[in-house]
Amino acid sequence: MTAQIIDGKALSAQLRSEVAQRAAALTAQGTKPGLAVILVGDNQASQVYVRNKVKACEDVGFHSVLEKYDASMTEAELLARVEALNNDPSIHGILVQLPLPKHIDDHKVIETISPSKDVDGFHVASAGALMVGEVGFKACTPYGCMKMLESIGMKDLRGKHAVVIGRSNIVGKPMAMMLLAANATVTICHSGTADLAAMTRQADIVVAAVGKRNVLTADMVKPGAVVIDVGMNRDDEGKLCGDVDYNGCKDVAGYITPVPGGVGPMTITMLLVNTMEAAERTAAAK
Ligand code: GUN
């Protein structure tokens with residue numbers, strides 16, 4: 001079997017064009033969606049990520065603000081900036097790029113963002129809303145994975161077994177909650193799992209989100225399963241690759257996401273979707 005590729009770039013383009021239409025309609029009614037991105041320090045990867053986020057906002061017609069600060073910024077100064085953005089009516093979403101310099105407590109910063117502007121979905125209130133099925137913002141990467149499943153007709157996952165590899169707060173745990181909310185039977189595997197292959201071989205859907213190459217190889221995949229690769233790693237030649245042995249798994253899986261061009265573009269797309277939603281909620285409450 002050769003797996004069908006779930007093209008994250010094409011799906012993103014479609015979703016972003018829908019966001020652009022909603023943004024134009026809301027702007028015409030007097031509310032232009034606005035995202036503020038804060039970057040502290042000079043992490044190279046973060047600089048690229050934030051540039052892409054700001055560019056994506058401009059492309060769909062959002063107002064976007066990029067605030068860049070020196071690594072010497074104090075925690076108190078950063079908290080004050082977040083508070084100011086919480087009170088700024090032109091801003092509907094706030095994203096503080098992680099990682100932050102070591103002297104700043106990320107948790108404290110995230111908890112200072114108003115849950116109504118937490119478009120990253122990292123606030124405890126957002127995580128809690130997902131857990132209990134209340135209205136909140138969903139973490140962008142797992143939300144993008146759910147949209148990819150929907151795009152292949154897998155919206156209701158009743159009767160499906162989903163195995164998530166990884167238990168981070170920003171991907172693995174919210175991913176498991178979203179799959180559960182879609183009625184899947186969910187197993188979360190991690191570094192303490194005794195026999196990972198025995199788990200993944202039972203899976204109709206595998207989501208690999210560990211940050212290590214070749215976590216999932218062809219012998220670990222049930223024929224016809226859906227394989228979603230959240231990883232972003234470099235191979236020995238410095239080329240971008242995921243957590244999944246793509247060349248091996250594509251001959252066994254029914255569907256697979258490539259790296260690059262899979263989950264990556266979906267993460268920024270869902271940030272736009274969340275910001276759009278934040279702006280629409282604000283406008284509706286006026
Ligand atoms: N650093 C790496 N990915 C992300 C993300 O999705 N959001 C934020 N805020 N920081 C990140």
# chains A, B, ... in the order shown; residues from 1 in each chain; ligands from 1

call {"tool": "closest_atom_pairs", "arguments": {"of": "chain A", "to": "ligand 1", "cutoff": "12 Å", "atoms": "only C-alpha atoms and all ligand atoms", "output": "Markdown table"}}
result
| residue | atom | partner | partner_atom_place_in_ligand_line | distance |
| --- | --- | --- | --- | --- |
| A:Ala36 | CA | ligand 1 | 9 (N) | 11.1 |
| A:Val37 | CA | ligand 1 | 9 (N) | 8.4 |
| A:Ile38 | CA | ligand 1 | 9 (N) | 8.6 |
| A:Leu39 | CA | ligand 1 | 9 (N) | 9.0 |
| A:Val40 | CA | ligand 1 | 10 (N) | 11.1 |
| A:Asn43 | CA | ligand 1 | 1 (N) | 10.4 |
| A:Gln44 | CA | ligand 1 | 1 (N) | 11.5 |
| A:Ala45 | CA | ligand 1 | 2 (C) | 8.6 |
| A:Ser46 | CA | ligand 1 | 1 (N) | 6.7 |
| A:Gln47 | CA | ligand 1 | 1 (N) | 10.2 |
| A:Val48 | CA | ligand 1 | 2 (C) | 10.6 |
| A:Tyr49 | CA | ligand 1 | 2 (C) | 7.6 |
| A:Val50 | CA | ligand 1 | 10 (N) | 8.7 |
| A:Asn52 | CA | ligand 1 | 6 (O) | 11.8 |
| A:Lys53 | CA | ligand 1 | 6 (O) | 9.9 |
| A:Gly93 | CA | ligand 1 | 9 (N) | 11.3 |
| A:Ile94 | CA | ligand 1 | 9 (N) | 8.9 |
| A:Leu95 | CA | ligand 1 | 9 (N) | 5.2 |
| A:Val96 | CA | ligand 1 | 9 (N) | 4.8 |
| A:Gln97 | CA | ligand 1 | 9 (N) | 3.7 |
| A:Leu98 | CA | ligand 1 | 10 (N) | 3.8 |
| A:Pro99 | CA | ligand 1 | 1 (N) | 6.0 |
| A:Leu100 | CA | ligand 1 | 10 (N) | 8.9 |
| A:Asp106 | CA | ligand 1 | 9 (N) | 9.8 |
| A:His107 | CA | ligand 1 | 9 (N) | 11.5 |
| A:Val109 | CA | ligand 1 | 9 (N) | 10.6 |
| A:Ile110 | CA | ligand 1 | 9 (N) | 8.8 |
| A:Ile113 | CA | ligand 1 | 9 (N) | 11.4 |
| A:Asp118 | CA | ligand 1 | 9 (N) | 9.8 |
| A:Val119 | CA | ligand 1 | 9 (N) | 9.1 |
| A:Asp120 | CA | ligand 1 | 7 (N) | 5.8 |
| A:Gly121 | CA | ligand 1 | 7 (N) | 8.8 |
| A:Phe122 | CA | ligand 1 | 9 (N) | 8.1 |
| A:His123 | CA | ligand 1 | 9 (N) | 10.8 |
| A:Lys138 | CA | ligand 1 | 6 (O) | 11.2 |
| A:Ala139 | CA | ligand 1 | 6 (O) | 7.7 |
| A:Cys140 | CA | ligand 1 | 6 (O) | 6.5 |
| A:Thr141 | CA | ligand 1 | 6 (O) | 6.9 |
| A:Pro142 | CA | ligand 1 | 6 (O) | 10.2 |
| A:Tyr143 | CA | ligand 1 | 6 (O) | 11.2 |
| A:Gly144 | CA | ligand 1 | 6 (O) | 11.2 |
| A:Ser168 | CA | ligand 1 | 3 (N) | 11.8 |
| A:Asn169 | CA | ligand 1 | 6 (O) | 11.2 |
| A:Ile170 | CA | ligand 1 | 6 (O) | 7.6 |
| A:Val171 | CA | ligand 1 | 6 (O) | 9.2 |
| A:Gly211 | CA | ligand 1 | 2 (C) | 11.9 |
| A:Val230 | CA | ligand 1 | 3 (N) | 11.4 |
| A:Gly231 | CA | ligand 1 | 3 (N) | 11.5 |
| A:Met232 | CA | ligand 1 | 2 (C) | 10.5 |
| A:Val263 | CA | ligand 1 | 6 (O) | 11.7 |
| A:Gly264 | CA | ligand 1 | 6 (O) | 9.9 |
| A:Pro265 | CA | ligand 1 | 6 (O) | 11.3 |
| A:Met266 | CA | ligand 1 | 6 (O) | 10.7 |
| A:Thr267 | CA | ligand 1 | 6 (O) | 6.9 |
| A:Ile268 | CA | ligand 1 | 6 (O) | 7.8 |
| A:Thr269 | CA | ligand 1 | 6 (O) | 10.9 |
| A:Met270 | CA | ligand 1 | 6 (O) | 9.8 |
| A:Leu271 | CA | ligand 1 | 6 (O) | 8.2 |
| A:Leu272 | CA | ligand 1 | 6 (O) | 11.8 |

call {"tool": "select_by_dssp", "arguments": {"residues": "region 19-256 of chain A", "states": "alpha helix (DSSP H)", "output": "VMD selection string"}}
result
chain A and resid 19 to 28 44 to 59 75 to 86 106 to 112 124 to 132 140 to 151 172 to 181 196 to 200 246 to 249

call {"tool": "select_by_dssp", "arguments": {"residues": "region 197-286 of chain A", "states": "strand (DSSP E)", "output": "tab-separated table (two decimals) with all heavy atoms, in the first residue's frame"}}
result
chain	number	residue	atom	x	y	z
A	205	ILE	N	-5.06	5.49	14.29
A	205	ILE	CA	-4.45	6.82	14.11
A	205	ILE	C	-3.25	6.87	15.04
A	205	ILE	O	-3.38	6.56	16.23
A	205	ILE	CB	-5.45	7.93	14.53
A	205	ILE	CG1	-6.71	7.90	13.67
A	205	ILE	CG2	-4.78	9.32	14.48
A	205	ILE	CD1	-7.89	8.65	14.28
A	206	VAL	N	-2.09	7.26	14.52
A	206	VAL	CA	-0.92	7.48	15.38
A	206	VAL	C	-0.50	8.93	15.22
A	206	VAL	O	-0.34	9.41	14.08
A	206	VAL	CB	0.29	6.60	14.99
A	206	VAL	CG1	1.43	6.79	16.00
A	206	VAL	CG2	-0.08	5.13	14.91
A	207	VAL	N	-0.31	9.63	16.33
A	207	VAL	CA	0.23	10.98	16.29
A	207	VAL	C	1.59	10.95	16.99
A	207	VAL	O	1.66	10.60	18.18
A	207	VAL	CB	-0.70	11.99	17.00
A	207	VAL	CG1	-0.11	13.40	16.92
A	207	VAL	CG2	-2.10	11.96	16.40
A	208	ALA	N	2.64	11.26	16.27
A	208	ALA	CA	3.99	11.23	16.85
A	208	ALA	C	4.41	12.65	17.19
A	208	ALA	O	4.51	13.51	16.31
A	208	ALA	CB	4.96	10.60	15.87
A	226	VAL	N	-3.67	5.88	9.91
A	226	VAL	CA	-3.36	7.29	9.62
A	226	VAL	C	-2.17	7.69	10.49
A	226	VAL	O	-2.22	7.52	11.72
A	226	VAL	CB	-4.57	8.20	9.93
A	226	VAL	CG1	-4.24	9.65	9.62
A	226	VAL	CG2	-5.80	7.74	9.16
A	227	VAL	N	-1.12	8.22	9.87
A	227	VAL	CA	0.08	8.61	10.61
A	227	VAL	C	0.26	10.12	10.52
A	227	VAL	O	0.37	10.68	9.43
A	227	VAL	CB	1.33	7.88	10.03
A	227	VAL	CG1	2.60	8.41	10.67
A	227	VAL	CG2	1.21	6.37	10.25
A	228	ILE	N	0.25	10.76	11.69
A	228	ILE	CA	0.41	12.21	11.75
A	228	ILE	C	1.72	12.53	12.47
A	228	ILE	O	1.93	12.11	13.61
A	228	ILE	CB	-0.79	12.86	12.46
A	228	ILE	CG1	-2.03	12.51	11.64
A	228	ILE	CG2	-0.60	14.37	12.62
A	228	ILE	CD1	-3.22	13.32	11.89
A	229	ASP	N	2.56	13.28	11.79
A	229	ASP	CA	3.92	13.53	12.28
A	229	ASP	C	4.06	14.99	12.71
A	229	ASP	O	4.08	15.90	11.88
A	229	ASP	CB	4.90	13.21	11.14
A	229	ASP	CG	6.34	13.18	11.60
A	229	ASP	OD1	6.62	13.58	12.74
A	229	ASP	OD2	7.19	12.75	10.80
A	233	ASN	N	12.64	17.90	13.22
A	233	ASN	CA	14.03	17.59	13.57
A	233	ASN	C	14.91	17.81	12.34
A	233	ASN	O	14.40	18.07	11.26
A	233	ASN	CB	14.14	16.13	14.02
A	233	ASN	CG	13.08	15.77	15.05
A	233	ASN	OD1	13.05	16.34	16.13
A	233	ASN	ND2	12.19	14.83	14.72
A	234	ARG	N	16.21	17.66	12.53
A	234	ARG	CA	17.16	17.73	11.40
A	234	ARG	C	17.82	16.36	11.26
A	234	ARG	O	18.19	15.74	12.26
A	234	ARG	CB	18.26	18.75	11.69
A	234	ARG	CG	17.74	20.18	11.83
A	234	ARG	CD	17.78	20.92	10.52
A	234	ARG	NE	17.00	22.16	10.63
A	234	ARG	CZ	16.57	22.85	9.59
A	234	ARG	NH1	16.81	22.44	8.36
A	234	ARG	NH2	15.88	23.96	9.76
A	240	LEU	N	15.34	19.06	7.15
A	240	LEU	CA	14.21	18.98	8.07
A	240	LEU	C	13.56	17.60	8.00
A	240	LEU	O	13.31	17.09	6.90
A	240	LEU	CB	13.20	20.06	7.66
A	240	LEU	CG	12.31	20.63	8.75
A	240	LEU	CD1	13.13	21.26	9.87
A	240	LEU	CD2	11.38	21.68	8.15
A	241	CYS	N	13.28	16.99	9.12
A	241	CYS	CA	12.55	15.72	9.13
A	241	CYS	C	11.70	15.62	10.39
A	241	CYS	O	11.88	16.40	11.33
A	241	CYS	CB	13.51	14.53	9.03
A	241	CYS	SG	14.56	14.33	10.46
A	255	TYR	N	-2.79	6.85	5.26
A	255	TYR	CA	-2.57	8.29	5.09
A	255	TYR	C	-1.36	8.67	5.92
A	255	TYR	O	-1.13	8.11	6.99
A	255	TYR	CB	-3.76	9.10	5.63
A	255	TYR	CG	-5.01	9.02	4.80
A	255	TYR	CD1	-5.97	8.04	5.06
A	255	TYR	CD2	-5.25	9.93	3.77
A	255	TYR	CE1	-7.14	7.97	4.31
A	255	TYR	CE2	-6.42	9.88	3.02
A	255	TYR	CZ	-7.35	8.91	3.29
A	255	TYR	OH	-8.51	8.86	2.55
A	256	ILE	N	-0.63	9.67	5.44
A	256	ILE	CA	0.54	10.13	6.20
A	256	ILE	C	0.74	11.62	5.95
A	256	ILE	O	0.39	12.14	4.89
A	256	ILE	CB	1.80	9.30	5.79
A	256	ILE	CG1	2.95	9.51	6.77
A	256	ILE	CG2	2.22	9.59	4.35
A	256	ILE	CD1	4.07	8.46	6.64

call {"tool": "closest_residue", "arguments": {"among": "A:Leu26, A:Ala279, A:Ala209, A:Leu179", "to": "Val244 (chain A)", "atoms": "only C-alpha atoms"}}
result
A:Ala209

call {"tool": "residues_around", "arguments": {"residues": "Asp204 (chain A)", "least_positions_apart": "4", "cutoff": "9 Å", "atoms": "only C-alpha atoms", "output": "PyMOL selection string"}}
result
chain A and resi 160-163+200+221-227

call {"tool": "write_last_selection", "arguments": {"atoms": "all heavy atoms", "output": "PDB file, in the first residue's frame"}}
result
ATOM      1  N   LYS A 160     -12.603   4.247  16.680  1.00  0.00           N
ATOM      2  CA  LYS A 160     -11.185   4.302  16.275  1.00  0.00           C
ATOM      3  C   LYS A 160     -10.294   4.335  17.512  1.00  0.00           C
ATOM      4  O   LYS A 160     -10.636   4.971  18.521  1.00  0.00           O
ATOM      5  CB  LYS A 160     -10.892   5.569  15.456  1.00  0.00           C
ATOM      6  CG  LYS A 160     -11.756   5.733  14.229  1.00  0.00           C
ATOM      7  CD  LYS A 160     -11.348   4.782  13.135  1.00  0.00           C
ATOM      8  CE  LYS A 160     -12.189   4.993  11.890  1.00  0.00           C
ATOM      9  NZ  LYS A 160     -12.180   3.811  11.034  1.00  0.00           N
ATOM     10  N   HIS A 161      -9.147   3.700  17.392  1.00  0.00           N
ATOM     11  CA  HIS A 161      -8.151   3.759  18.467  1.00  0.00           C
ATOM     12  C   HIS A 161      -7.046   4.721  18.032  1.00  0.00           C
ATOM     13  O   HIS A 161      -6.417   4.507  16.993  1.00  0.00           O
ATOM     14  CB  HIS A 161      -7.585   2.351  18.725  1.00  0.00           C
ATOM     15  CG  HIS A 161      -6.604   2.303  19.856  1.00  0.00           C
ATOM     16  ND1 HIS A 161      -5.791   1.229  20.093  1.00  0.00           N
ATOM     17  CD2 HIS A 161      -6.317   3.204  20.823  1.00  0.00           C
ATOM     18  CE1 HIS A 161      -5.034   1.490  21.161  1.00  0.00           C
ATOM     19  NE2 HIS A 161      -5.339   2.674  21.614  1.00  0.00           N
ATOM     20  N   ALA A 162      -6.845   5.779  18.809  1.00  0.00           N
ATOM     21  CA  ALA A 162      -5.788   6.747  18.502  1.00  0.00           C
ATOM     22  C   ALA A 162      -4.669   6.608  19.524  1.00  0.00           C
ATOM     23  O   ALA A 162      -4.926   6.573  20.731  1.00  0.00           O
ATOM     24  CB  ALA A 162      -6.350   8.167  18.535  1.00  0.00           C
ATOM     25  N   VAL A 163      -3.441   6.514  19.048  1.00  0.00           N
ATOM     26  CA  VAL A 163      -2.282   6.456  19.947  1.00  0.00           C
ATOM     27  C   VAL A 163      -1.473   7.739  19.758  1.00  0.00           C
ATOM     28  O   VAL A 163      -1.076   8.072  18.631  1.00  0.00           O
ATOM     29  CB  VAL A 163      -1.425   5.205  19.668  1.00  0.00           C
ATOM     30  CG1 VAL A 163      -0.097   5.273  20.428  1.00  0.00           C
ATOM     31  CG2 VAL A 163      -2.193   3.940  20.060  1.00  0.00           C
ATOM     32  N   THR A 200       1.329   1.019  19.223  1.00  0.00           N
ATOM     33  CA  THR A 200       1.084   1.674  17.930  1.00  0.00           C
ATOM     34  C   THR A 200       0.524   0.685  16.899  1.00  0.00           C
ATOM     35  O   THR A 200      -0.236   1.092  16.024  1.00  0.00           O
ATOM     36  CB  THR A 200       2.365   2.332  17.377  1.00  0.00           C
ATOM     37  OG1 THR A 200       3.388   1.336  17.228  1.00  0.00           O
ATOM     38  CG2 THR A 200       2.861   3.437  18.294  1.00  0.00           C
ATOM     39  N   VAL A 221       3.501   0.161  12.467  1.00  0.00           N
ATOM     40  CA  VAL A 221       2.262   0.746  11.942  1.00  0.00           C
ATOM     41  C   VAL A 221       1.323  -0.342  11.426  1.00  0.00           C
ATOM     42  O   VAL A 221       1.746  -1.237  10.682  1.00  0.00           O
ATOM     43  CB  VAL A 221       2.589   1.750  10.798  1.00  0.00           C
ATOM     44  CG1 VAL A 221       1.329   2.320  10.174  1.00  0.00           C
ATOM     45  CG2 VAL A 221       3.488   2.871  11.322  1.00  0.00           C
ATOM     46  N   LYS A 222       0.061  -0.251  11.812  1.00  0.00           N
ATOM     47  CA  LYS A 222      -0.952  -1.183  11.290  1.00  0.00           C
ATOM     48  C   LYS A 222      -1.243  -0.807   9.832  1.00  0.00           C
ATOM     49  O   LYS A 222      -1.431   0.386   9.533  1.00  0.00           O
ATOM     50  CB  LYS A 222      -2.227  -1.046  12.151  1.00  0.00           C
ATOM     51  CG  LYS A 222      -3.362  -1.946  11.704  1.00  0.00           C
ATOM     52  CD  LYS A 222      -4.411  -2.092  12.789  1.00  0.00           C
ATOM     53  CE  LYS A 222      -5.470  -1.013  12.705  1.00  0.00           C
ATOM     54  NZ  LYS A 222      -6.578  -1.245  13.661  1.00  0.00           N
ATOM     55  N   PRO A 223      -1.324  -1.778   8.929  1.00  0.00           N
ATOM     56  CA  PRO A 223      -1.605  -1.425   7.528  1.00  0.00           C
ATOM     57  C   PRO A 223      -2.883  -0.590   7.408  1.00  0.00           C
ATOM     58  O   PRO A 223      -3.905  -0.924   8.004  1.00  0.00           O
ATOM     59  CB  PRO A 223      -1.761  -2.795   6.850  1.00  0.00           C
ATOM     60  CG  PRO A 223      -0.901  -3.706   7.672  1.00  0.00           C
ATOM     61  CD  PRO A 223      -1.054  -3.216   9.091  1.00  0.00           C
ATOM     62  N   GLY A 224      -2.767   0.521   6.696  1.00  0.00           N
ATOM     63  CA  GLY A 224      -3.925   1.384   6.468  1.00  0.00           C
ATOM     64  C   GLY A 224      -4.128   2.465   7.529  1.00  0.00           C
ATOM     65  O   GLY A 224      -5.004   3.318   7.389  1.00  0.00           O
ATOM     66  N   ALA A 225      -3.315   2.472   8.580  1.00  0.00           N
ATOM     67  CA  ALA A 225      -3.488   3.469   9.651  1.00  0.00           C
ATOM     68  C   ALA A 225      -3.163   4.889   9.154  1.00  0.00           C
ATOM     69  O   ALA A 225      -2.479   5.058   8.139  1.00  0.00           O
ATOM     70  CB  ALA A 225      -2.580   3.122  10.831  1.00  0.00           C
ATOM     71  N   VAL A 226      -3.668   5.881   9.908  1.00  0.00           N
ATOM     72  CA  VAL A 226      -3.358   7.286   9.615  1.00  0.00           C
ATOM     73  C   VAL A 226      -2.169   7.688  10.493  1.00  0.00           C
ATOM     74  O   VAL A 226      -2.222   7.520  11.715  1.00  0.00           O
ATOM     75  CB  VAL A 226      -4.567   8.198   9.933  1.00  0.00           C
ATOM     76  CG1 VAL A 226      -4.239   9.650   9.617  1.00  0.00           C
ATOM     77  CG2 VAL A 226      -5.796   7.744   9.163  1.00  0.00           C
ATOM     78  N   VAL A 227      -1.124   8.216   9.869  1.00  0.00           N
ATOM     79  CA  VAL A 227       0.083   8.607  10.606  1.00  0.00           C
ATOM     80  C   VAL A 227       0.259  10.120  10.523  1.00  0.00           C
ATOM     81  O   VAL A 227       0.374  10.680   9.427  1.00  0.00           O
ATOM     82  CB  VAL A 227       1.325   7.881  10.035  1.00  0.00           C
ATOM     83  CG1 VAL A 227       2.601   8.411  10.668  1.00  0.00           C
ATOM     84  CG2 VAL A 227       1.207   6.370  10.247  1.00  0.00           C
TER      85      VAL A 227
END

call {"tool": "closest_residue", "arguments": {"among": "A:Ala197, A:Gln202, A:Pro260, A:Val135", "to": "Thr185 (chain A)", "atoms": "only C-alpha atoms"}}
result
A:Gln202

call {"tool": "atom_distance", "arguments": {"atom1": "CA of Lys250 (chain A)", "atom2": "CA of Ala182 (chain A)"}}
result
25.1 Å

call {"tool": "atom_distance", "arguments": {"atom1": "CA of Pro33 (chain A)", "atom2": "CA of Ser64 (chain A)"}}
result
8.4 Å

call {"tool": "decode", "arguments": {"residues": "region 247-264 of chain A", "atoms": "N, CA, C and O atoms", "output": "CSV table (one decimal), in the first residue's frame"}}
result
chain,number,residue,atom,x,y,z
A,247,ASN,N,9.7,7.4,4.8
A,247,ASN,CA,9.9,6.5,3.6
A,247,ASN,C,9.4,5.1,3.9
A,247,ASN,O,8.8,4.4,3.1
A,248,GLY,N,9.7,4.6,5.1
A,248,GLY,CA,9.3,3.3,5.5
A,248,GLY,C,7.7,3.3,5.7
A,248,GLY,O,7.0,2.4,5.2
A,249,CYS,N,7.2,4.2,6.5
A,249,CYS,CA,5.8,4.2,6.9
A,249,CYS,C,4.9,4.4,5.8
A,249,CYS,O,3.7,4.0,5.8
A,250,LYS,N,5.3,5.2,4.8
A,250,LYS,CA,4.4,5.5,3.7
A,250,LYS,C,3.9,4.3,2.9
A,250,LYS,O,2.9,4.3,2.2
A,251,ASP,N,4.7,3.2,3.0
A,251,ASP,CA,4.3,2.0,2.3
A,251,ASP,C,3.4,1.1,3.1
A,251,ASP,O,2.9,0.1,2.6
A,252,VAL,N,3.1,1.5,4.3
A,252,VAL,CA,2.2,0.7,5.2
A,252,VAL,C,1.0,1.5,5.6
A,252,VAL,O,-0.1,0.9,5.6
A,253,ALA,N,1.1,2.8,5.8
A,253,ALA,CA,0.0,3.6,6.3
A,253,ALA,C,-1.0,3.8,5.2
A,253,ALA,O,-0.7,3.6,4.0
A,254,GLY,N,-2.2,4.2,5.6
A,254,GLY,CA,-3.3,4.6,4.6
A,254,GLY,C,-3.1,6.1,4.2
A,254,GLY,O,-3.3,6.5,3.1
A,255,TYR,N,-2.8,6.8,5.3
A,255,TYR,CA,-2.6,8.3,5.1
A,255,TYR,C,-1.4,8.7,5.9
A,255,TYR,O,-1.1,8.1,7.0
A,256,ILE,N,-0.6,9.7,5.4
A,256,ILE,CA,0.5,10.1,6.2
A,256,ILE,C,0.7,11.6,6.0
A,256,ILE,O,0.4,12.1,4.9
A,257,THR,N,1.3,12.3,7.0
A,257,THR,CA,1.6,13.7,6.8
A,257,THR,C,3.1,13.9,6.6
A,257,THR,O,3.9,13.3,7.3
A,258,PRO,N,3.5,14.7,5.6
A,258,PRO,CA,4.9,14.9,5.3
A,258,PRO,C,5.6,15.9,6.3
A,258,PRO,O,4.8,16.7,6.9
A,259,VAL,N,6.9,15.9,6.3
A,259,VAL,CA,7.6,17.0,7.0
A,259,VAL,C,8.8,17.4,6.1
A,259,VAL,O,9.6,16.5,5.7
A,260,PRO,N,8.9,18.6,5.6
A,260,PRO,CA,8.0,19.7,5.9
A,260,PRO,C,6.7,19.6,5.0
A,260,PRO,O,6.6,18.7,4.2
A,261,GLY,N,5.8,20.6,5.3
A,261,GLY,CA,4.6,20.7,4.4
A,261,GLY,C,3.4,19.9,5.0
A,261,GLY,O,2.4,19.7,4.3
A,262,GLY,N,3.5,19.5,6.3
A,262,GLY,CA,2.4,18.7,6.9
A,262,GLY,C,1.8,19.5,8.0
A,262,GLY,O,1.1,20.5,7.8
A,263,VAL,N,2.1,19.1,9.2
A,263,VAL,CA,1.5,19.8,10.4
A,263,VAL,C,2.0,21.2,10.6
A,263,VAL,O,1.3,22.1,11.0
A,264,GLY,N,3.3,21.4,10.2
A,264,GLY,CA,3.9,22.8,10.4
A,264,GLY,C,3.1,23.9,9.9
A,264,GLY,O,2.7,24.8,10.7
